[in-house]
Amino acid sequence: MSRRVLVTGGASGLGLALTELMLDRGDTVLVVDLAEDRPDAVPEGAAYRRLDVRSQQDWDAAMAWVRDTWGGLDLLVNNAGVATGGRIDVESMSDWERVVDINLLGVARGCHTFTPMFKAQKSGHIVNVASLAGLVHGPGMSSYNATKAGVVALSETLSFELAPWSIDVSVVCPAFFRTNLHHSFSGKDAAMQEAGVRLITQASVDAAHIAAIVLKGVDARKRVILTDRLGRQAYYSKRFVRPLYDRMLTAQAKRLARRAGADPAELTGD
C-alpha cells in the first residue's frame, strides 16, 4: 500500500537513501531540506520544499502543503541533523545551542506540528533518526550524545502517549556509516572532529545499507531500530555487562585525553 511520506534532510545521506527506497516501493514522498532550489540529488519522483527544522514557520508551511496537496500524511521521518563533537571545556555554548536547536528541537517541532493531523486521522507513524550515541554515551561528544539521547527519550514518550490514536513511533539508532554527515562538523575541538570524520568516512557500510534495515524496522513497527552488530553489542553490554562497558569507555576517554596532550601521569580512573 502506497504511503504519503515526508522526509527531513532528504537531499543527502540517510534521508536520500530512504527516499530512494520508498519511491522504489511506490510511496509518495516529499523531501524537505535547506536548499532554496531543488537539489539535483533529489529523485524526480519526489516532491521538494525548503524547510529549516529550526523554523516553526517552515514546519507550518510544510504541514499546510501536505494537507492541501495530499489530504494527510502516513509517515513522518525526522532525519535532519548535524554532527558535532567536543570536550565539555572546549566546545562553546553557542555550538551547544546550535546542535540542540537542530538535532533535538528540530525533531520535537516535527512531532509537534504533525501530531494533530495524525490524531485526526487516527493513524500515522513517526520515525525519529537518533544515533547509537543516544543509547551509548562515549567521551568527548557530550552535546551530540545529549541531543540524541533526548530524541530517544522523546520517541519513547510519544510511543506511549500517541498509541491511543493508533500512531506508531520508532527511533533509529545507527552506529557510524558512510555519509556526508561529517561536512556539518563545526566547533573548536579539532581533535574530536578529526576522530569523528575518520569514523564516518572509514565506516564499513553506507547509507543505502542502513536505509534498507530501517525500512524493515518501520514495517515491523519496532519502537527501537538498531541497525548493526556494533550497535547491538554496545547497547546490550551497557544493559547487561555494565563493568565491561565502563572499562571500554574509560579506556576510550584516556586515549582521547592523550591525543589532546594530557600528561599520562595526571590521568586517573580505572
# chains A, B, ... in the order shown; residues from 1 in each chain; ligands from 1
>>> closest_atom_pairs(of="segment 211-248 of chain A", to="segment 69-81 of chain A", cutoff="12 Å", atoms="only C-alpha atoms", output="Markdown table")
| residue | atom | partner | partner_atom | distance |
| --- | --- | --- | --- | --- |
| A:Ala211 | CA | A:Asn79 | CA | 11.4 |
| A:Val214 | CA | A:Val77 | CA | 10.9 |
| A:Leu215 | CA | A:Val77 | CA | 11.0 |
| A:Val218 | CA | A:Leu75 | CA | 9.6 |
| A:Asp219 | CA | A:Leu75 | CA | 11.0 |
| A:Arg221 | CA | A:Leu75 | CA | 11.7 |
>>> write_last_selection(atoms="N, CA, C and O atoms", output="CSV table (one decimal), in the first residue's frame")
chain,number,residue,atom,x,y,z
A,211,ALA,N,19.5,2.2,5.3
A,211,ALA,CA,18.1,2.6,5.0
A,211,ALA,C,17.3,1.3,4.8
A,211,ALA,O,16.1,1.3,5.2
A,214,VAL,N,16.4,0.1,8.2
A,214,VAL,CA,15.4,1.0,8.8
A,214,VAL,C,14.0,0.7,8.3
A,214,VAL,O,13.1,0.6,9.1
A,215,LEU,N,13.9,0.6,7.0
A,215,LEU,CA,12.5,0.3,6.4
A,215,LEU,C,11.9,-1.0,6.9
A,215,LEU,O,10.7,-1.1,7.2
A,218,VAL,N,10.7,-0.2,10.3
A,218,VAL,CA,9.5,0.6,10.3
A,218,VAL,C,8.3,-0.3,9.9
A,218,VAL,O,7.2,-0.2,10.5
A,219,ASP,N,8.5,-1.2,8.9
A,219,ASP,CA,7.4,-2.1,8.5
A,219,ASP,C,7.0,-3.0,9.7
A,219,ASP,O,5.8,-3.3,9.8
A,221,ARG,N,7.1,-2.1,12.7
A,221,ARG,CA,6.6,-1.2,13.8
A,221,ARG,C,7.4,-1.3,15.0
A,221,ARG,O,6.9,-1.2,16.2
>>> residues_around(residues="Asp24 of chain A", least_positions_apart="5", cutoff="10 Å", atoms="only C-alpha atoms", output="ChimeraX atom specification")
/A:18-19,45
>>> atom_distance(atom1="atom CA of Asp206 of chain A", atom2="atom CA of Asp228 of chain A")
11.6 Å
>>> select_by_dssp(residues="segment 6-242 of chain A", states="alpha helix (DSSP H)", output="ChimeraX atom specification")
/A:13-24,56-70,93-99,105-121,142-161,190-201,207-219,229-240,242
>>> residues_around(residues="segment 53-66 of chain A", least_positions_apart="4", cutoff="12 Å", atoms="only C-alpha atoms", output="compact mmCIF listing (two decimals) with all heavy atoms, in the first residue's frame")
# COMPACT_ATOMS: atom_id res chain seq x y z
N ARG A 4 2.03 8.14 2.10
CA ARG A 4 2.42 9.54 1.93
C ARG A 4 3.47 9.85 2.99
O ARG A 4 3.21 9.72 4.18
CB ARG A 4 1.20 10.45 2.08
CG ARG A 4 0.09 10.18 1.06
CD ARG A 4 -1.26 10.72 1.52
NE ARG A 4 -1.71 10.03 2.73
CZ ARG A 4 -2.85 10.30 3.35
NH1 ARG A 4 -3.67 11.23 2.87
NH2 ARG A 4 -3.20 9.64 4.44
N VAL A 5 4.66 10.27 2.54
CA VAL A 5 5.83 10.35 3.42
C VAL A 5 6.49 11.72 3.31
O VAL A 5 6.66 12.25 2.21
CB VAL A 5 6.87 9.27 3.06
CG1 VAL A 5 8.02 9.27 4.06
CG2 VAL A 5 6.24 7.89 2.95
N LEU A 6 6.88 12.29 4.45
CA LEU A 6 7.71 13.49 4.48
C LEU A 6 9.04 13.12 5.13
O LEU A 6 9.05 12.53 6.21
CB LEU A 6 7.04 14.61 5.27
CG LEU A 6 7.73 15.98 5.27
CD1 LEU A 6 6.69 17.10 5.49
CD2 LEU A 6 8.81 16.10 6.35
N VAL A 7 10.15 13.48 4.46
CA VAL A 7 11.49 13.17 4.96
C VAL A 7 12.28 14.46 5.11
O VAL A 7 12.52 15.18 4.13
CB VAL A 7 12.25 12.23 4.00
CG1 VAL A 7 13.63 11.89 4.57
CG2 VAL A 7 11.46 10.97 3.72
N THR A 8 12.69 14.79 6.32
CA THR A 8 13.55 15.96 6.52
C THR A 8 15.01 15.57 6.23
O THR A 8 15.41 14.42 6.45
CB THR A 8 13.45 16.52 7.95
OG1 THR A 8 14.07 15.62 8.87
CG2 THR A 8 12.00 16.74 8.35
N GLY A 9 15.78 16.52 5.73
CA GLY A 9 17.16 16.22 5.37
C GLY A 9 17.22 15.15 4.30
O GLY A 9 18.15 14.33 4.25
N THR A 28 4.67 7.85 -1.96
CA THR A 28 4.67 9.24 -2.42
C THR A 28 5.46 10.04 -1.40
O THR A 28 5.12 10.04 -0.21
CB THR A 28 3.24 9.78 -2.52
OG1 THR A 28 2.49 8.94 -3.41
CG2 THR A 28 3.23 11.20 -3.04
N VAL A 29 6.52 10.72 -1.84
CA VAL A 29 7.48 11.29 -0.90
C VAL A 29 7.65 12.80 -1.13
O VAL A 29 7.81 13.25 -2.27
CB VAL A 29 8.86 10.61 -1.02
CG1 VAL A 29 9.83 11.19 0.01
CG2 VAL A 29 8.73 9.10 -0.84
N LEU A 30 7.62 13.55 -0.04
CA LEU A 30 8.01 14.96 -0.02
C LEU A 30 9.34 15.06 0.70
O LEU A 30 9.44 14.73 1.89
CB LEU A 30 6.97 15.82 0.69
CG LEU A 30 7.39 17.27 0.98
CD1 LEU A 30 7.64 18.04 -0.31
CD2 LEU A 30 6.34 17.99 1.84
N VAL A 31 10.36 15.50 -0.03
CA VAL A 31 11.68 15.75 0.55
C VAL A 31 11.75 17.21 0.98
O VAL A 31 11.40 18.11 0.20
CB VAL A 31 12.79 15.45 -0.46
CG1 VAL A 31 14.14 15.98 0.03
CG2 VAL A 31 12.89 13.95 -0.73
N VAL A 32 12.19 17.46 2.20
CA VAL A 32 12.44 18.83 2.64
C VAL A 32 13.89 18.93 3.09
O VAL A 32 14.44 18.02 3.70
CB VAL A 32 11.48 19.26 3.77
CG1 VAL A 32 10.04 19.28 3.28
CG2 VAL A 32 11.60 18.37 4.99
N ASP A 33 14.50 20.06 2.73
CA ASP A 33 15.90 20.28 3.07
C ASP A 33 16.18 21.78 3.02
O ASP A 33 15.27 22.57 2.76
CB ASP A 33 16.82 19.51 2.11
CG ASP A 33 18.08 18.97 2.81
OD1 ASP A 33 18.77 19.79 3.45
OD2 ASP A 33 18.35 17.77 2.71
N LEU A 34 17.44 22.17 3.23
CA LEU A 34 17.77 23.58 3.39
C LEU A 34 17.90 24.36 2.09
O LEU A 34 17.78 25.59 2.10
CB LEU A 34 19.09 23.71 4.18
CG LEU A 34 19.00 23.47 5.68
CD1 LEU A 34 20.40 23.46 6.29
CD2 LEU A 34 18.15 24.53 6.36
N ALA A 47 8.54 15.06 -4.48
CA ALA A 47 8.30 16.49 -4.39
C ALA A 47 9.38 17.11 -3.51
O ALA A 47 10.03 16.41 -2.72
CB ALA A 47 6.91 16.76 -3.83
N TYR A 48 9.58 18.42 -3.62
CA TYR A 48 10.62 19.08 -2.82
C TYR A 48 10.12 20.42 -2.31
O TYR A 48 9.47 21.17 -3.05
CB TYR A 48 11.90 19.29 -3.63
CG TYR A 48 12.97 20.01 -2.81
CD1 TYR A 48 13.73 19.30 -1.88
CD2 TYR A 48 13.17 21.38 -2.92
CE1 TYR A 48 14.66 19.95 -1.09
CE2 TYR A 48 14.11 22.04 -2.15
CZ TYR A 48 14.86 21.32 -1.23
OH TYR A 48 15.79 21.96 -0.44
N ARG A 49 10.46 20.72 -1.08
CA ARG A 49 10.24 22.05 -0.47
C ARG A 49 11.43 22.38 0.42
O ARG A 49 12.05 21.49 0.99
CB ARG A 49 8.98 22.07 0.39
CG ARG A 49 7.67 22.00 -0.35
CD ARG A 49 6.51 22.12 0.62
NE ARG A 49 6.55 23.39 1.35
CZ ARG A 49 5.98 24.52 0.92
NH1 ARG A 49 5.33 24.54 -0.23
NH2 ARG A 49 6.04 25.62 1.65
N TRP A 70 -2.11 16.47 -0.32
CA TRP A 70 -2.33 15.04 -0.12
C TRP A 70 -3.55 14.73 0.74
O TRP A 70 -4.04 13.61 0.73
CB TRP A 70 -1.11 14.39 0.53
CG TRP A 70 0.12 14.35 -0.33
CD1 TRP A 70 0.19 14.51 -1.67
CD2 TRP A 70 1.46 14.09 0.13
NE1 TRP A 70 1.49 14.38 -2.10
CE2 TRP A 70 2.30 14.12 -1.01
CE3 TRP A 70 2.04 13.85 1.37
CZ2 TRP A 70 3.67 13.92 -0.94
CZ3 TRP A 70 3.40 13.65 1.46
CH2 TRP A 70 4.21 13.68 0.31
N GLY A 71 -3.97 15.71 1.53
CA GLY A 71 -5.09 15.46 2.44
C GLY A 71 -4.71 14.73 3.70
O GLY A 71 -5.57 14.39 4.52
N GLY A 72 -3.43 14.49 3.92
CA GLY A 72 -2.97 13.80 5.12
C GLY A 72 -1.56 13.27 4.94
O GLY A 72 -0.93 13.46 3.89
N LEU A 73 -1.05 12.61 5.96
CA LEU A 73 0.31 12.07 5.95
C LEU A 73 0.30 10.73 6.66
O LEU A 73 -0.39 10.55 7.66
CB LEU A 73 1.27 13.04 6.66
CG LEU A 73 2.76 12.72 6.55
CD1 LEU A 73 3.27 12.98 5.13
CD2 LEU A 73 3.57 13.56 7.54
N ASP A 74 1.06 9.79 6.13
CA ASP A 74 1.15 8.47 6.75
C ASP A 74 2.44 8.27 7.54
O ASP A 74 2.45 7.56 8.54
CB ASP A 74 1.05 7.38 5.67
CG ASP A 74 -0.24 7.47 4.89
OD1 ASP A 74 -1.31 7.42 5.53
OD2 ASP A 74 -0.19 7.63 3.66
N LEU A 75 3.53 8.89 7.07
CA LEU A 75 4.84 8.64 7.68
C LEU A 75 5.66 9.93 7.71
O LEU A 75 5.90 10.54 6.67
CB LEU A 75 5.58 7.57 6.88
CG LEU A 75 6.97 7.14 7.35
CD1 LEU A 75 6.91 6.54 8.75
CD2 LEU A 75 7.56 6.12 6.37
N LEU A 76 6.05 10.34 8.89
CA LEU A 76 6.94 11.49 9.08
C LEU A 76 8.31 10.97 9.49
O LEU A 76 8.42 10.29 10.52
CB LEU A 76 6.39 12.42 10.17
CG LEU A 76 7.33 13.53 10.66
CD1 LEU A 76 7.63 14.53 9.54
CD2 LEU A 76 6.75 14.24 11.88
N ASN A 78 11.77 12.22 10.72
CA ASN A 78 12.58 13.31 11.24
C ASN A 78 14.05 12.88 11.18
O ASN A 78 14.59 12.31 12.13
CB ASN A 78 12.18 13.65 12.68
CG ASN A 78 10.87 14.39 12.75
OD1 ASN A 78 10.68 15.40 12.08
ND2 ASN A 78 9.95 13.89 13.55
N ASN A 79 14.69 13.14 10.05
CA ASN A 79 16.04 12.66 9.80
C ASN A 79 17.10 13.74 9.88
O ASN A 79 18.26 13.46 10.16
CB ASN A 79 16.07 12.01 8.41
CG ASN A 79 17.47 11.81 7.89
OD1 ASN A 79 18.20 10.92 8.32
ND2 ASN A 79 17.88 12.66 6.94
N ALA A 80 16.74 15.00 9.65
CA ALA A 80 17.74 16.08 9.56
C ALA A 80 18.52 16.21 10.86
O ALA A 80 17.96 16.14 11.96
CB ALA A 80 17.06 17.40 9.22
N GLY A 81 19.83 16.40 10.73
CA GLY A 81 20.68 16.59 11.90
C GLY A 81 22.07 16.98 11.50
O GLY A 81 22.42 16.96 10.31
N VAL A 82 22.86 17.38 12.47
CA VAL A 82 24.25 17.76 12.23
C VAL A 82 25.16 16.97 13.16
O VAL A 82 24.74 16.51 14.21
CB VAL A 82 24.48 19.27 12.44
CG1 VAL A 82 23.72 20.09 11.40
CG2 VAL A 82 24.06 19.70 13.86
N GLU A 97 24.06 25.29 21.67
CA GLU A 97 22.74 25.82 21.30
C GLU A 97 22.37 25.44 19.87
O GLU A 97 21.21 25.10 19.59
CB GLU A 97 22.74 27.34 21.48
CG GLU A 97 22.80 27.76 22.94
CD GLU A 97 23.16 29.21 23.12
OE1 GLU A 97 23.38 29.91 22.10
OE2 GLU A 97 23.20 29.67 24.28
N ARG A 98 23.35 25.45 18.96
CA ARG A 98 23.08 25.09 17.57
C ARG A 98 22.66 23.63 17.45
O ARG A 98 21.66 23.31 16.79
CB ARG A 98 24.34 25.34 16.73
CG ARG A 98 24.26 24.80 15.29
CD ARG A 98 25.52 25.16 14.52
NE ARG A 98 25.54 24.54 13.19
CZ ARG A 98 26.14 23.39 12.89
NH1 ARG A 98 26.80 22.71 13.85
NH2 ARG A 98 26.11 22.90 11.67
N VAL A 99 23.39 22.72 18.08
CA VAL A 99 23.08 21.30 17.91
C VAL A 99 21.78 20.93 18.62
O VAL A 99 21.02 20.10 18.13
CB VAL A 99 24.26 20.42 18.39
CG1 VAL A 99 24.44 20.45 19.89
CG2 VAL A 99 24.08 18.99 17.89
N VAL A 100 21.49 21.56 19.74
CA VAL A 100 20.22 21.30 20.42
C VAL A 100 19.06 21.79 19.55
O VAL A 100 18.04 21.10 19.40
CB VAL A 100 20.19 21.98 21.80
CG1 VAL A 100 18.78 21.96 22.39
CG2 VAL A 100 21.15 21.27 22.76
N ASP A 101 19.21 22.96 18.94
CA ASP A 101 18.15 23.52 18.12
C ASP A 101 17.84 22.66 16.91
O ASP A 101 16.69 22.52 16.49
CB ASP A 101 18.53 24.94 17.68
CG ASP A 101 17.32 25.80 17.35
OD1 ASP A 101 16.18 25.38 17.64
OD2 ASP A 101 17.51 26.91 16.81
N ILE A 102 18.88 22.06 16.32
CA ILE A 102 18.69 21.25 15.13
C ILE A 102 18.35 19.80 15.48
O ILE A 102 17.31 19.27 15.08
CB ILE A 102 19.94 21.29 14.23
CG1 ILE A 102 20.18 22.71 13.73
CG2 ILE A 102 19.80 20.33 13.06
CD1 ILE A 102 21.51 22.90 13.01
N ASN A 103 19.22 19.16 16.24
CA ASN A 103 19.09 17.71 16.45
C ASN A 103 17.95 17.31 17.38
O ASN A 103 17.36 16.24 17.20
CB ASN A 103 20.39 17.14 17.02
CG ASN A 103 21.50 17.06 16.00
OD1 ASN A 103 21.37 17.53 14.87
ND2 ASN A 103 22.61 16.46 16.39
N LEU A 104 17.66 18.14 18.36
CA LEU A 104 16.61 17.80 19.32
C LEU A 104 15.33 18.59 19.08
O LEU A 104 14.26 18.02 18.83
CB LEU A 104 17.10 18.01 20.76
CG LEU A 104 16.08 17.72 21.87
CD1 LEU A 104 15.49 16.33 21.73
CD2 LEU A 104 16.70 17.92 23.25
N LEU A 105 15.43 19.92 19.08
CA LEU A 105 14.23 20.72 18.90
C LEU A 105 13.68 20.60 17.48
O LEU A 105 12.47 20.70 17.26
CB LEU A 105 14.50 22.19 19.25
CG LEU A 105 14.83 22.46 20.72
CD1 LEU A 105 15.03 23.95 20.95
CD2 LEU A 105 13.72 21.93 21.63
N GLY A 106 14.56 20.37 16.50
CA GLY A 106 14.08 20.13 15.14
C GLY A 106 13.16 18.93 15.07
O GLY A 106 12.13 18.95 14.38
N VAL A 107 13.52 17.87 15.77
CA VAL A 107 12.68 16.67 15.83
C VAL A 107 11.40 16.97 16.61
O VAL A 107 10.29 16.58 16.19
CB VAL A 107 13.44 15.51 16.48
CG1 VAL A 107 12.53 14.31 16.72
CG2 VAL A 107 14.63 15.11 15.61
N ALA A 108 11.53 17.66 17.73
CA ALA A 108 10.34 17.99 18.53
C ALA A 108 9.36 18.84 17.74
O ALA A 108 8.13 18.64 17.82
CB ALA A 108 10.76 18.71 19.81
N ARG A 109 9.88 19.79 16.95
CA ARG A 109 8.98 20.63 16.14
C ARG A 109 8.21 19.80 15.12
O ARG A 109 7.02 20.03 14.89
CB ARG A 109 9.78 21.72 15.43
CG ARG A 109 10.33 22.80 16.35
CD ARG A 109 11.02 23.92 15.57
NE ARG A 109 11.73 24.81 16.49
CZ ARG A 109 13.03 24.76 16.75
NH1 ARG A 109 13.79 23.86 16.11
NH2 ARG A 109 13.59 25.59 17.61
N GLY A 110 8.91 18.86 14.48
CA GLY A 110 8.22 18.00 13.52
C GLY A 110 7.10 17.20 14.18
O GLY A 110 5.98 17.12 13.66
N CYS A 111 7.39 16.60 15.34
CA CYS A 111 6.37 15.82 16.06
C CYS A 111 5.21 16.73 16.49
O CYS A 111 4.03 16.37 16.34
CB CYS A 111 6.99 15.15 17.26
SG CYS A 111 8.29 13.93 16.88
N HIS A 112 5.54 17.89 17.00
CA HIS A 112 4.52 18.84 17.47
C HIS A 112 3.61 19.28 16.32
O HIS A 112 2.39 19.37 16.48
CB HIS A 112 5.23 20.05 18.08
CG HIS A 112 4.33 21.22 18.38
ND1 HIS A 112 3.51 21.26 19.48
CD2 HIS A 112 4.12 22.38 17.70
CE1 HIS A 112 2.84 22.39 19.49
NE2 HIS A 112 3.18 23.09 18.42
N THR A 113 4.21 19.52 15.15
CA THR A 113 3.44 20.04 14.02
C THR A 113 2.48 19.03 13.45
O THR A 113 1.32 19.35 13.14
CB THR A 113 4.41 20.52 12.92
OG1 THR A 113 5.28 21.54 13.44
CG2 THR A 113 3.65 21.06 11.71
N PHE A 114 2.92 17.77 13.30
CA PHE A 114 2.10 16.79 12.60
C PHE A 114 1.25 15.90 13.50
O PHE A 114 0.36 15.20 13.00
CB PHE A 114 2.99 15.93 11.69
CG PHE A 114 3.30 16.62 10.39
CD1 PHE A 114 4.47 17.34 10.24
CD2 PHE A 114 2.41 16.56 9.33
CE1 PHE A 114 4.75 18.00 9.05
CE2 PHE A 114 2.67 17.21 8.13
CZ PHE A 114 3.85 17.94 7.99
N THR A 115 1.48 15.94 14.80
CA THR A 115 0.66 15.10 15.68
C THR A 115 -0.83 15.42 15.59
O THR A 115 -1.66 14.49 15.56
CB THR A 115 1.16 15.19 17.13
OG1 THR A 115 2.41 14.49 17.23
CG2 THR A 115 0.17 14.58 18.10
N PRO A 116 -1.26 16.70 15.52
CA PRO A 116 -2.70 16.94 15.39
C PRO A 116 -3.30 16.30 14.14
O PRO A 116 -4.43 15.78 14.18
CB PRO A 116 -2.79 18.47 15.33
CG PRO A 116 -1.60 18.95 16.09
CD PRO A 116 -0.52 17.96 15.74
N MET A 117 -2.57 16.31 13.03
CA MET A 117 -3.04 15.66 11.81
C MET A 117 -3.16 14.15 12.01
O MET A 117 -4.16 13.52 11.62
CB MET A 117 -2.10 15.97 10.65
CG MET A 117 -2.47 15.31 9.33
SD MET A 117 -1.33 15.74 7.98
CE MET A 117 -1.84 17.43 7.65
N PHE A 118 -2.14 13.55 12.62
CA PHE A 118 -2.18 12.12 12.87
C PHE A 118 -3.33 11.75 13.82
O PHE A 118 -4.01 10.74 13.62
CB PHE A 118 -0.85 11.64 13.47
CG PHE A 118 0.30 11.61 12.50
CD1 PHE A 118 1.59 11.88 12.93
CD2 PHE A 118 0.11 11.30 11.17
CE1 PHE A 118 2.66 11.83 12.05
CE2 PHE A 118 1.16 11.25 10.28
CZ PHE A 118 2.44 11.52 10.71
>>> closest_atom_pairs(of="segment 30-122 of chain A", to="segment 130-143 of chain A", cutoff="6 Å", atoms="only C-alpha atoms", output="Markdown table")
| residue | atom | partner | partner_atom | distance |
| --- | --- | --- | --- | --- |
| A:Gly85 | CA | A:Met141 | CA | 4.6 |
| A:Gly86 | CA | A:Gly140 | CA | 5.1 |
| A:Arg87 | CA | A:Gly140 | CA | 4.4 |
| A:Trp96 | CA | A:Ser143 | CA | 5.9 |
